[in-house]
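Asks: Sharing coords-v2.tsv (TSV, C-alpha atoms) below.
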chain	number	residue	atom	x	y	z
A	1	SER	CA	98.87	95.18	31.34
A	2	ALA	CA	99.05	91.40	31.84
A	3	ARG	CA	96.00	89.73	33.35
A	4	LEU	CA	96.27	89.10	37.06
A	5	PRO	CA	95.63	85.53	38.25
A	6	GLY	CA	92.07	84.86	39.43
A	7	LYS	CA	93.20	83.49	42.80
A	8	LEU	CA	95.17	86.66	43.68
A	9	ILE	CA	93.46	88.69	46.42
A	10	ASP	CA	94.97	92.09	45.61
A	11	CYS	CA	95.48	95.12	47.84
A	12	LEU	CA	94.06	98.62	47.33
A	13	GLU	CA	97.40	100.46	47.25
A	14	LYS	CA	99.03	100.72	43.80
A	15	ASP	CA	102.45	102.09	44.80
A	16	PRO	CA	104.76	99.00	44.77
A	17	GLU	CA	107.00	100.53	47.47
A	18	LYS	CA	104.10	100.33	49.94
A	19	CYS	CA	102.76	96.90	48.86
A	20	GLU	CA	103.55	93.35	49.88
A	21	MET	CA	102.32	90.00	48.61
A	22	TYR	CA	102.04	86.88	50.76
A	23	ILE	CA	102.47	83.59	48.90
A	24	VAL	CA	100.46	81.29	51.17
A	25	GLU	CA	100.41	77.49	51.22
A	26	GLY	CA	96.89	76.09	50.80
A	27	ASP	CA	93.43	77.56	50.31
A	28	SER	CA	92.35	77.34	53.97
A	29	ALA	CA	95.36	79.36	55.15
A	30	GLY	CA	94.77	81.68	52.21
A	31	GLY	CA	91.24	82.26	53.54
A	32	SER	CA	92.52	83.11	57.05
A	33	ALA	CA	95.16	85.41	55.57
A	34	LYS	CA	92.55	87.15	53.40
A	35	GLN	CA	90.37	87.83	56.46
A	36	GLY	CA	93.28	88.78	58.73
A	37	ARG	CA	95.31	91.02	56.37
A	38	ASP	CA	95.36	94.79	56.07
A	39	ARG	CA	93.69	95.06	52.65
A	40	ARG	CA	95.19	98.51	52.07
A	41	PHE	CA	98.68	97.16	51.32
A	42	GLN	CA	98.71	93.34	51.76
A	43	ALA	CA	97.88	91.03	48.83
A	44	ILE	CA	97.42	87.26	49.19
A	45	LEU	CA	98.27	84.58	46.62
A	46	PRO	CA	97.27	81.06	47.78
A	47	ILE	CA	99.12	78.20	46.06
A	48	ARG	CA	98.14	74.55	46.17
A	49	GLY	CA	100.37	71.56	46.76
A	50	LYS	CA	104.01	71.31	45.83
A	51	ILE	CA	105.04	73.57	42.96
A	52	LEU	CA	107.22	72.24	40.19
A	53	ASN	CA	110.82	71.32	40.97
A	54	VAL	CA	112.34	74.10	38.87
A	55	GLU	CA	115.89	72.82	39.32
A	56	LYS	CA	115.10	69.87	37.06
A	57	ALA	CA	112.44	71.38	34.77
A	58	ARG	CA	112.99	73.01	31.39
A	59	LEU	CA	111.87	76.64	31.11
A	60	GLN	CA	108.91	75.73	28.88
A	61	LYS	CA	107.59	73.36	31.55
A	62	VAL	CA	108.11	76.03	34.23
A	63	PHE	CA	105.83	78.42	32.31
A	64	GLN	CA	103.14	75.76	31.92
A	65	ASN	CA	102.91	75.07	35.66
A	66	GLN	CA	99.73	76.72	36.95
A	67	GLU	CA	101.09	77.77	40.37
A	68	ILE	CA	104.28	79.23	38.87
A	69	GLY	CA	102.21	80.97	36.19
A	70	SER	CA	100.12	82.61	38.92
A	71	ILE	CA	103.24	83.88	40.71
A	72	ILE	CA	104.77	85.29	37.50
A	73	ALA	CA	101.50	87.04	36.56
A	74	ALA	CA	100.95	88.45	40.07
A	75	LEU	CA	104.46	89.92	40.33
A	76	GLY	CA	104.25	91.55	36.90
A	77	CYS	CA	108.01	91.86	36.35
A	78	GLY	CA	108.48	89.06	33.80
A	79	ILE	CA	110.91	86.16	34.03
A	80	GLY	CA	114.31	85.14	32.67
A	81	LYS	CA	117.29	87.23	31.56
A	82	ASP	CA	115.62	88.83	28.54
A	83	ASN	CA	112.12	89.53	29.89
A	84	PHE	CA	112.71	90.40	33.56
A	85	ASN	CA	112.15	94.07	34.48
A	86	LEU	CA	112.45	94.95	38.17
A	87	SER	CA	110.81	98.35	37.67
A	88	LYS	CA	107.54	96.57	36.82
A	89	LEU	CA	107.45	94.59	40.10
A	90	ARG	CA	104.03	95.19	41.70
A	91	TYR	CA	105.09	94.44	45.33
A	92	LYS	CA	108.26	95.60	47.10
A	93	ARG	CA	107.99	92.65	49.50
A	94	ILE	CA	107.25	89.05	48.52
A	95	ILE	CA	106.62	87.05	51.69
A	96	ILE	CA	106.59	83.24	51.63
A	97	MET	CA	104.26	81.86	54.32
A	98	THR	CA	104.14	78.05	54.64
A	99	ASP	CA	103.35	75.49	57.34
A	100	ALA	CA	106.04	74.63	59.88
A	101	ASP	CA	106.34	71.00	58.72
A	102	VAL	CA	108.30	68.97	56.17
A	103	ASP	CA	105.90	69.73	53.31
A	104	GLY	CA	105.98	73.44	54.16
A	105	SER	CA	109.78	73.33	54.21
A	106	HIS	CA	109.80	71.61	50.81
A	107	ILE	CA	107.43	74.17	49.25
A	108	ARG	CA	109.52	77.00	50.70
A	109	THR	CA	112.68	75.51	49.21
A	110	LEU	CA	111.04	75.06	45.80
A	111	LEU	CA	109.87	78.69	45.82
A	112	LEU	CA	113.35	79.90	46.74
A	113	THR	CA	114.83	77.73	43.98
A	114	PHE	CA	112.39	79.28	41.50
A	115	PHE	CA	113.27	82.84	42.53
A	116	TYR	CA	116.99	82.04	42.53
A	117	ARG	CA	116.98	80.40	39.09
A	118	HIS	CA	114.63	82.71	37.23
A	119	MET	CA	114.24	85.97	39.21
A	120	SER	CA	117.49	86.23	41.15
A	121	ALA	CA	117.31	90.05	41.05
A	122	LEU	CA	114.40	89.82	43.52
A	123	ILE	CA	116.73	88.20	46.08
A	124	GLU	CA	119.66	90.49	45.23
A	125	ASN	CA	117.39	93.53	45.76
A	126	GLU	CA	116.12	92.17	49.11
A	127	CYS	CA	112.52	91.69	47.97
A	128	VAL	CA	112.04	88.09	49.20
A	129	TYR	CA	111.14	87.32	52.82
A	130	ILE	CA	109.97	84.34	54.84
A	131	ALA	CA	107.17	84.73	57.38
A	132	GLN	CA	107.68	83.26	60.84
A	133	PRO	CA	104.31	81.97	62.05
A	134	PRO	CA	104.38	80.69	65.64
A	135	LEU	CA	104.75	76.99	66.37
A	136	TYR	CA	103.06	77.19	69.78
A	137	ARG	CA	100.58	79.12	71.85
A	138	VAL	CA	101.33	78.70	75.56
A	139	SER	CA	98.81	79.67	78.27
A	140	LYS	CA	99.31	79.88	82.03
A	141	LYS	CA	96.19	80.93	83.93
A	142	LYS	CA	95.04	84.11	82.12
A	143	ASP	CA	98.38	84.89	80.45
A	144	PHE	CA	99.39	83.57	77.05
A	145	ARG	CA	102.26	83.98	74.61
A	146	TYR	CA	103.22	82.77	71.14
A	147	ILE	CA	106.44	80.85	70.56
A	148	LEU	CA	108.17	80.79	67.17
A	149	SER	CA	110.55	77.82	67.34
A	150	GLU	CA	111.40	74.58	69.14
A	151	LYS	CA	114.54	76.26	70.51
A	152	GLU	CA	112.51	79.13	71.99
A	153	MET	CA	110.04	76.60	73.43
A	154	ASP	CA	112.86	74.63	75.08
A	155	GLY	CA	114.24	77.83	76.59
A	156	TYR	CA	110.81	78.84	77.90
A	157	LEU	CA	110.18	75.43	79.53
A	158	LEU	CA	113.69	75.29	81.03
A	159	ASN	CA	113.27	78.76	82.45
A	160	LEU	CA	110.04	77.69	84.18
A	161	GLY	CA	111.54	74.35	85.26
A	162	THR	CA	114.65	75.83	86.89
A	163	LYS	CA	112.91	78.72	88.71
A	164	GLU	CA	111.90	76.74	91.79
A	165	SER	CA	114.32	73.81	91.47
A	166	GLN	CA	117.68	72.86	92.86
A	167	ILE	CA	120.08	70.07	91.96
A	168	VAL	CA	122.53	68.14	94.12
A	169	PHE	CA	125.51	66.21	92.70
A	170	ASP	CA	125.29	62.93	94.59
A	171	ASP	CA	129.08	62.31	94.66
A	172	THR	CA	130.19	65.73	95.99
A	173	LEU	CA	126.89	66.91	97.58
A	174	ARG	CA	127.46	70.25	95.82
A	175	ASP	CA	124.11	71.94	95.21
A	176	LEU	CA	123.03	74.49	92.59
A	177	ARG	CA	120.01	76.75	92.47
A	178	GLY	CA	119.06	80.13	90.97
A	179	GLU	CA	121.72	81.68	88.73
A	180	ALA	CA	124.22	78.90	89.48
A	181	LEU	CA	121.71	76.31	88.21
A	182	GLU	CA	120.98	78.44	85.12
A	183	THR	CA	124.72	78.54	84.34
A	184	PHE	CA	124.93	74.73	84.53
A	185	VAL	CA	121.80	74.30	82.37
A	186	ASN	CA	123.21	76.72	79.76
A	187	LEU	CA	126.41	74.68	79.67
A	188	ILE	CA	124.42	71.52	78.85
A	189	LEU	CA	122.61	73.49	76.12
A	190	GLU	CA	126.02	74.40	74.66
A	191	VAL	CA	126.76	70.66	74.51
A	192	GLU	CA	123.46	70.20	72.63
A	193	SER	CA	124.44	72.95	70.16
A	194	PHE	CA	127.75	71.17	69.60
A	195	ILE	CA	125.88	67.91	68.93
A	196	VAL	CA	123.57	69.65	66.43
A	197	SER	CA	126.58	71.14	64.59
A	198	LEU	CA	128.06	67.62	64.23
A	199	GLU	CA	124.78	66.12	63.06
A	200	LYS	CA	124.40	68.85	60.42
A	201	LYS	CA	127.63	67.40	59.00
A	202	ALA	CA	125.99	63.92	59.10
A	203	ILE	CA	128.16	62.79	62.07
A	204	PRO	CA	125.98	61.12	64.75
A	205	PHE	CA	127.09	62.12	68.26
A	206	SER	CA	127.23	58.50	69.47
A	207	GLU	CA	129.60	57.67	66.58
A	208	PHE	CA	131.72	60.73	67.41
A	209	LEU	CA	132.05	59.55	71.03
A	210	ASP	CA	133.12	56.09	69.83
A	211	MET	CA	135.99	57.72	67.91
A	212	PHE	CA	137.78	58.80	71.14
A	213	ARG	CA	141.45	57.78	70.75
A	214	ASP	CA	144.47	58.42	73.00
A	215	GLY	CA	142.72	61.14	74.98
A	216	ALA	CA	141.39	63.00	71.92
A	217	TYR	CA	138.31	63.29	69.74
A	218	PRO	CA	138.62	63.64	65.94
A	219	LEU	CA	138.96	67.15	64.47
A	220	TYR	CA	138.35	66.30	60.81
A	221	TYR	CA	136.44	63.80	58.70
A	222	TYR	CA	137.97	62.56	55.46
A	223	PRO	CA	135.12	61.15	53.33
A	224	PRO	CA	135.74	58.31	50.88
A	225	GLU	CA	136.13	58.98	47.16
A	226	SER	CA	132.92	58.95	45.14
A	227	GLY	CA	131.47	55.45	44.86
A	228	LYS	CA	133.78	53.99	47.54
A	229	GLN	CA	132.96	52.88	51.08
A	230	GLY	CA	134.23	54.12	54.43
A	231	GLY	CA	135.75	57.45	55.37
A	232	SER	CA	138.33	58.14	58.06
A	233	TYR	CA	138.67	60.50	61.01
A	234	LEU	CA	141.74	62.72	61.51
A	235	TYR	CA	142.79	63.81	64.99
A	236	SER	CA	145.18	66.70	64.38
A	237	HIS	CA	146.23	69.39	61.95
A	238	GLU	CA	149.36	67.30	61.24
A	239	GLU	CA	147.24	64.29	60.20
A	240	LYS	CA	145.24	66.54	57.88
A	241	GLU	CA	148.43	67.93	56.28
A	242	ALA	CA	149.75	64.39	55.80
A	243	ALA	CA	146.51	63.33	54.07
A	244	ILE	CA	146.74	66.34	51.73
A	245	ALA	CA	150.41	65.63	51.00
A	246	ALA	CA	149.48	62.05	50.04
A	247	ASN	CA	146.65	63.25	47.79
A	248	GLU	CA	146.44	66.96	46.95
A	249	GLU	CA	142.93	66.60	45.50
A	250	SER	CA	141.68	65.53	48.93
A	251	ALA	CA	142.09	69.04	50.39
A	252	SER	CA	138.64	70.21	49.33
A	253	ARG	CA	136.97	67.04	50.64
A	254	ILE	CA	138.34	67.13	54.20
A	255	LEU	CA	135.64	68.40	56.53
A	256	GLU	CA	136.47	70.33	59.72
A	257	LEU	CA	134.09	69.01	62.40
A	258	TYR	CA	134.54	71.94	64.80
A	259	LYS	CA	137.13	74.47	65.93
A	260	GLY	CA	139.40	72.70	68.42
A	261	SER	CA	138.96	75.40	71.06
A	262	VAL	CA	135.16	74.86	71.16
A	263	LEU	CA	135.46	71.31	72.48
A	264	GLU	CA	138.36	72.22	74.78
A	265	GLU	CA	136.29	74.95	76.46
A	266	LEU	CA	133.26	72.66	76.80
A	267	GLN	CA	135.36	69.92	78.37
A	268	ARG	CA	137.05	72.38	80.74
A	269	ASP	CA	133.73	73.90	81.85
A	270	LEU	CA	132.11	70.47	82.29
A	271	GLY	CA	135.19	69.35	84.23
A	272	ASP	CA	134.49	72.07	86.81
A	273	TYR	CA	131.38	70.06	87.74
A	274	GLY	CA	133.14	66.69	87.52
A	275	TYR	CA	131.58	65.85	84.14
A	276	ASP	CA	132.67	65.17	80.57
A	277	ILE	CA	130.97	65.53	77.18
A	278	ARG	CA	130.37	61.73	77.18
A	279	ASN	CA	128.06	62.15	80.16
A	280	TYR	CA	125.47	63.85	77.96
A	281	LEU	CA	124.47	60.33	76.87
A	282	HIS	CA	126.44	58.01	79.17
A	283	PRO	CA	125.98	57.78	82.97
A	284	LYS	CA	128.90	58.78	85.16
A	285	GLY	CA	128.01	56.36	87.95
A	286	SER	CA	126.71	58.78	90.53
A	287	GLY	CA	123.53	60.72	89.84
A	288	ILE	CA	122.20	64.27	90.02
A	289	THR	CA	119.15	64.71	92.27
A	290	VAL	CA	116.62	67.32	91.15
A	291	SER	CA	114.13	68.60	93.73
A	292	THR	CA	111.57	71.42	93.75
A	293	GLU	CA	109.82	73.59	96.32
A	294	ASP	CA	106.57	71.75	95.55
A	295	PRO	CA	106.07	69.12	98.31
A	296	LYS	CA	103.88	67.06	95.93
A	297	ILE	CA	106.84	66.43	93.61
A	298	SER	CA	109.34	63.84	94.90
A	299	PRO	CA	113.07	64.35	94.26
A	300	TYR	CA	114.21	62.69	91.03
A	301	VAL	CA	117.64	61.25	90.25
A	302	CYS	CA	119.09	61.83	86.75
A	303	TYR	CA	122.09	59.85	85.51
A	304	THR	CA	122.95	61.72	82.30
A	305	LEU	CA	123.11	65.43	81.42
A	306	LYS	CA	120.41	64.87	78.80
A	307	GLU	CA	118.12	63.49	81.52
A	308	VAL	CA	118.64	66.66	83.60
A	309	ILE	CA	117.48	68.85	80.69
A	310	ASP	CA	114.53	66.58	79.84
A	311	TYR	CA	113.37	66.43	83.47
A	312	LEU	CA	113.60	70.22	83.98
A	313	LYS	CA	111.60	70.74	80.76
A	314	GLY	CA	109.00	68.33	82.13
A	315	LEU	CA	108.76	70.39	85.34
A	316	GLY	CA	108.30	73.50	83.19
A	317	ARG	CA	105.28	71.93	81.48
A	318	LYS	CA	103.36	71.56	84.74
A	319	GLY	CA	100.41	73.97	85.01
A	320	ILE	CA	100.64	75.31	81.48
A	321	GLU	CA	98.56	74.58	78.41
A	322	ILE	CA	100.41	74.13	75.13
A	323	GLN	CA	98.78	74.34	71.71
A	324	ARG	CA	100.95	73.35	68.74
A	325	TYR	CA	100.00	74.74	65.35
A	326	LYS	CA	100.48	72.03	62.73
A	327	GLY	CA	99.43	74.39	59.95
A	328	LEU	CA	98.56	77.99	59.20
A	329	GLY	CA	94.92	76.98	58.72
A	330	GLU	CA	94.67	76.15	62.46
A	331	MET	CA	95.00	79.83	63.35
A	332	ASN	CA	92.01	82.11	63.03
A	333	ALA	CA	92.31	85.38	61.11
A	334	ASP	CA	92.96	87.49	64.23
A	335	GLN	CA	95.73	85.17	65.45
A	336	LEU	CA	97.38	85.13	62.02
A	337	TRP	CA	97.32	88.94	61.91
A	338	ASP	CA	98.63	89.33	65.47
A	339	THR	CA	101.49	86.84	65.11
A	340	THR	CA	102.54	86.77	61.48
A	341	MET	CA	101.14	89.65	59.41
A	342	ASN	CA	101.02	92.75	61.63
A	343	PRO	CA	104.09	94.88	60.71
A	344	GLU	CA	104.20	96.16	64.32
A	345	GLN	CA	104.66	92.67	65.79
A	346	ARG	CA	105.71	90.11	63.19
A	347	THR	CA	109.16	88.65	62.58
A	348	LEU	CA	110.29	88.23	58.97
A	349	VAL	CA	113.45	86.58	57.67
A	350	ARG	CA	114.99	88.42	54.73
A	351	VAL	CA	116.48	86.02	52.19
A	352	SER	CA	119.87	87.24	50.99
A	353	LEU	CA	122.30	85.23	48.90
A	354	LYS	CA	125.63	86.30	50.38
A	355	ASP	CA	127.49	84.46	47.70
A	356	ALA	CA	126.00	82.88	44.61
A	357	VAL	CA	128.35	79.90	44.71
A	358	GLU	CA	127.15	78.81	48.15
A	359	ALA	CA	123.50	79.26	47.22
A	360	ASP	CA	123.93	77.40	43.95
A	361	HIS	CA	125.62	74.53	45.77
A	362	ILE	CA	122.84	74.27	48.38
A	363	PHE	CA	120.01	74.41	45.85
A	364	THR	CA	121.73	71.82	43.65
A	365	MET	CA	122.33	69.56	46.63
A	366	LEU	CA	118.75	69.88	47.86
A	367	MET	CA	116.90	69.81	44.57
A	368	GLY	CA	119.19	68.51	41.83
A	369	GLU	CA	119.74	64.99	40.58
A	370	GLU	CA	123.52	64.86	40.98
A	371	VAL	CA	123.62	63.73	44.61
A	372	PRO	CA	120.36	62.37	46.03
A	373	PRO	CA	120.52	63.97	49.49
A	374	ARG	CA	119.30	62.17	52.56
A	375	ARG	CA	115.65	62.92	53.32
A	376	GLU	CA	116.65	63.76	56.88
A	377	PHE	CA	118.96	66.50	55.60
A	378	ILE	CA	116.17	68.06	53.52
A	379	GLU	CA	113.79	67.97	56.47
A	380	SER	CA	116.24	69.54	58.90
A	381	HIS	CA	118.19	71.95	56.75
A	382	ALA	CA	116.00	72.92	53.80
A	383	LEU	CA	116.73	76.58	54.50
A	384	SER	CA	120.45	76.46	55.17
A	385	ILE	CA	121.17	79.44	52.96
A	386	ARG	CA	122.37	82.35	55.01
A	387	MET	CA	119.57	84.52	56.29
A	388	ASN	CA	119.23	87.59	58.46
A	389	ASN	CA	116.59	87.70	61.17
A	390	LEU	CA	114.77	91.01	61.05
A	391	ASP	CA	111.86	92.32	63.05
A	392	ILE	CA	109.91	94.05	60.31
Output the file's structure as structure tokens, nothing else.

Replies:
Amino acid sequence: SARLPGKLIDCLEKDPEKCEMYIVEGDSAGGSAKQGRDRRFQAILPIRGKILNVEKARLQKVFQNQEIGSIIAALGCGIGKDNFNLSKLRYKRIIIMTDADVDGSHIRTLLLTFFYRHMSALIENECVYIAQPPLYRVSKKKDFRYILSEKEMDGYLLNLGTKESQIVFDDTLRDLRGEALETFVNLILEVESFIVSLEKKAIPFSEFLDMFRDGAYPLYYYPPESGKQGGSYLYSHEEKEAAIAANEESASRILELYKGSVLEELQRDLGDYGYDIRNYLHPKGSGITVSTEDPKISPYVCYTLKEVIDYLKGLGRKGIEIQRYKGLGEMNADQLWDTTMNPEQRTLVRVSLKDAVEADHIFTMLMGEEVPPRREFIESHALSIRMNNLDI
């Protein structure tokens, strides 16, 4: 059999169906994972630094890369169309575990590119997973909990912040508390989700608001031809059809910004409170006063919907201790086991390529040389292939 890499910390079990291998970023995290793992069935392979960009590299260079060589040797199933043999795979689960930062995201993307290009059967057979280490540990008195994402953290803080608060709309004197306040807060969060969906399409929300024309916001964006400046916004299905009639090749380039009904519903629901989507960033004139049951905290007037959310989150932070994990190495072995490696408690994301065309497009866009993508896009969306959240 092929020699196993020296840095691989193998498990005792030899039945691949029962075994899993963690590919861990960095030696310090590898040390914590080695101490925290269940050595019966969990193997650890620490890798250093950024592995080779396999999108651009020739196969010969891929083989010569030390980190890639370690992965190929550890898995035991060979590589490439002629030499790959799934029946020789030594671990049924390959789990990528990297830091929750830009470098970690980059390493994760490179690993996925490698598996996609040279061992795609691993993804097709649902063997590749991504670990979800927590971003935060939150303590309140003697209680503590781990939090996996910024979104979950925001929800946790807002929940605490709204519990003992009430708001009053200064123009109508209507007040909200309890479930009614939660409903209003959730509506503002829906506005934030809408903003995120626009920004994923590289449309800044402030620019979108500036495009308001004749009582309507744009529905589509028509980007310029390659090498030319300036795109245009289209406000209706009819405008889109006219653009396609003028240039049939444009059909594939026209980007739908959102389903029309999404914005209509948001505007209608905000209108029930006397607000509009613009008021997320722009003051309405009159404010919203937030007060709490704590006599030490003075009432506070917010002038935008964003301010309301930010202030309630700030209230939620009072009296709690928040530890943010910048890297896996900051967690001790017990914490890593409890949060990220224990099959009874961990959350894994199974990587599945629903359609090869989409995956190929994303990997090429992220890693290839054809279109140098904006760094911001890589940082925010380096894992925008479709994935299924699984508690495994």

Asks: Could you please determine the separation between atom CA of Arg350 of chain A and atom CA of Arg108 of chain A in Å, to one decimal place?

Replies: 13.3 Å

Asks: Taking all atoms listed in the file into account, name the residue in A:Glu199, A:Asp338, A:Leu173, A:Ser206 that is nearest to Ser286 of chain A.

Replies: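 Ranked by minimum distance to Ser286 of chain A, first place goes to A:Leu173.
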
Asks: Taking (102.9, 80.2, 67.0) in the file's coordinates, which residues come within 10 Å, counting all atoms listed in the file, written as a list in words?

Replies: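 Residues with an atom close enough to that point: Ala100, Gln132, Pro133, Pro134, Leu135, Tyr136, Arg137, Val138, Arg145, Tyr146, Ile147, Leu148, Ser149, Gln323, Arg324, Tyr325, Lys326, Gly327, Leu328, Met331, Gln335, Leu336, Thr339 and Thr340 of chain A.
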
Asks: Taking 2 positions as the minimum chain separation for residues in the same chain, which residues sit within 10 Å of Pro223 of chain A when counting only C-alpha atoms? Answer as a ChimeraX atom specification.

Replies: /A:220-221,225-226,228-233,250,253-255

Asks: If you count only C-alpha atoms, which residues fall within 7 Å of Met21 of chain A, apart from same-chain ones fewer than 4 positions away, as a PyMOL selection string?

Replies: chain A and resi 42-44+91+93-95

Asks: Given the choices A:Ala245, A:Ile130, A:Leu219, A:Ile167, which gets closest to Asp99 of chain A if the distance is worked out from only C-alpha atoms?

Replies: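 The answer is A:Ile130, which sits nearest to Asp99 of chain A.
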
Asks: Could you work out how far atom CA of Ile322 of chain A lies from atom CA of Asp154 of chain A, giving the answer in Å with one decimal?

Replies: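 Here the two named atoms are 12.5 Å from each other.
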
Asks: What is the distance between atom CA of Val351 of chain A and atom CA of Tyr129 of chain A, in Å to one decimal?

Replies: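 Atom-to-atom, atom CA of Val351 of chain A and atom CA of Tyr129 of chain A are spaced 5.5 Å apart.
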
Asks: Find, counting all atoms listed in the file, the residue in A:Ile68, A:Leu45, A:Ala29, A:Leu348 that gets nearest to Cys11 of chain A.

Replies: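 Closest to Cys11 of chain A, using all atoms listed in the file: A:Leu45.
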
Asks: With all atoms listed in the file as the atoms that count, which of A:Ser193, A:Asn342, A:Thr98, A:Thr292 lies nearest to Ser28 of chain A?

Replies: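 Looking only at the distances to Ser28 of chain A, the closest residue turns out to be A:Thr98.
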
Asks: My list of candidates is A:Ser165, A:Gln267, A:Asn332, A:Asn279. Which is closest to Glu293 of chain A when distances are computed with all atoms listed in the file?

Replies: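 Of the candidates, the smallest distance to Glu293 of chain A is held by A:Ser165.
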
Asks: Excluding segment 301-317 of chain A and its own-chain neighbours fewer than 2 positions away, which residues fall within 8 Å of it when counting only C-alpha atoms? Please give them as a list of chain:residue names.

Replies: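 Final neighbour list, sorted by chain and number: A:Asp154, A:Tyr156, A:Leu157, A:Leu158, A:Asn159, A:Leu160, A:Gly161, A:Thr162, A:Val185, A:Ile188, A:Asn279, A:Tyr280, A:Leu281, A:His282, A:Pro283, A:Lys284, A:Gly285, A:Ser286, A:Gly287, A:Ile288, A:Thr289, A:Val290, A:Pro299, A:Gly319, A:Ile320, A:Glu321.
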
Asks: Residues near Ile79 of chain A, anyone? I mean within 9 Å using all atoms listed in the file, not counting same-chain ones fewer than 5 positions away, as a list in words.

Replies: Ile72, Phe84, Asn85, His118 and Met119 of chain A

Asks: Compare A:Ser197, A:Phe212, A:Tyr235, A:Arg48 by their minimum atom-to-atom distance to Val262 of chain A, counting all atoms listed in the file, and give me the closest one.

Replies: A:Ser197

Asks: Which residues are close to Leu122 of chain A, i.e. within 10 Å by only C-alpha atoms, leaving aside same-chain residues fewer than 2 positions away? Reply as a PyMOL selection string.

Replies: chain A and resi 77+86+89+92-94+115-116+118-120+124-128+351-352

Asks: Include C-alpha atoms and write out the residues we just selected as a short mmCIF file (atom, residue, chain, number, x, y, z; two decimals), in the frame of the given file.

Replies:
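See selection21.cif below for the written result:
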data_model
loop_
_atom_site.label_atom_id
_atom_site.label_comp_id
_atom_site.auth_asym_id
_atom_site.auth_seq_id
_atom_site.Cartn_x
_atom_site.Cartn_y
_atom_site.Cartn_z
CA CYS A 77 108.01 91.86 36.35
CA LEU A 86 112.45 94.95 38.17
CA LEU A 89 107.45 94.59 40.10
CA LYS A 92 108.26 95.60 47.10
CA ARG A 93 107.99 92.65 49.50
CA ILE A 94 107.25 89.05 48.52
CA PHE A 115 113.27 82.84 42.53
CA TYR A 116 116.99 82.04 42.53
CA HIS A 118 114.63 82.71 37.23
CA MET A 119 114.24 85.97 39.21
CA SER A 120 117.49 86.23 41.15
CA GLU A 124 119.66 90.49 45.23
CA ASN A 125 117.39 93.53 45.76
CA GLU A 126 116.12 92.17 49.11
CA CYS A 127 112.52 91.69 47.97
CA VAL A 128 112.04 88.09 49.20
CA VAL A 351 116.48 86.02 52.19
CA SER A 352 119.87 87.24 50.99
#
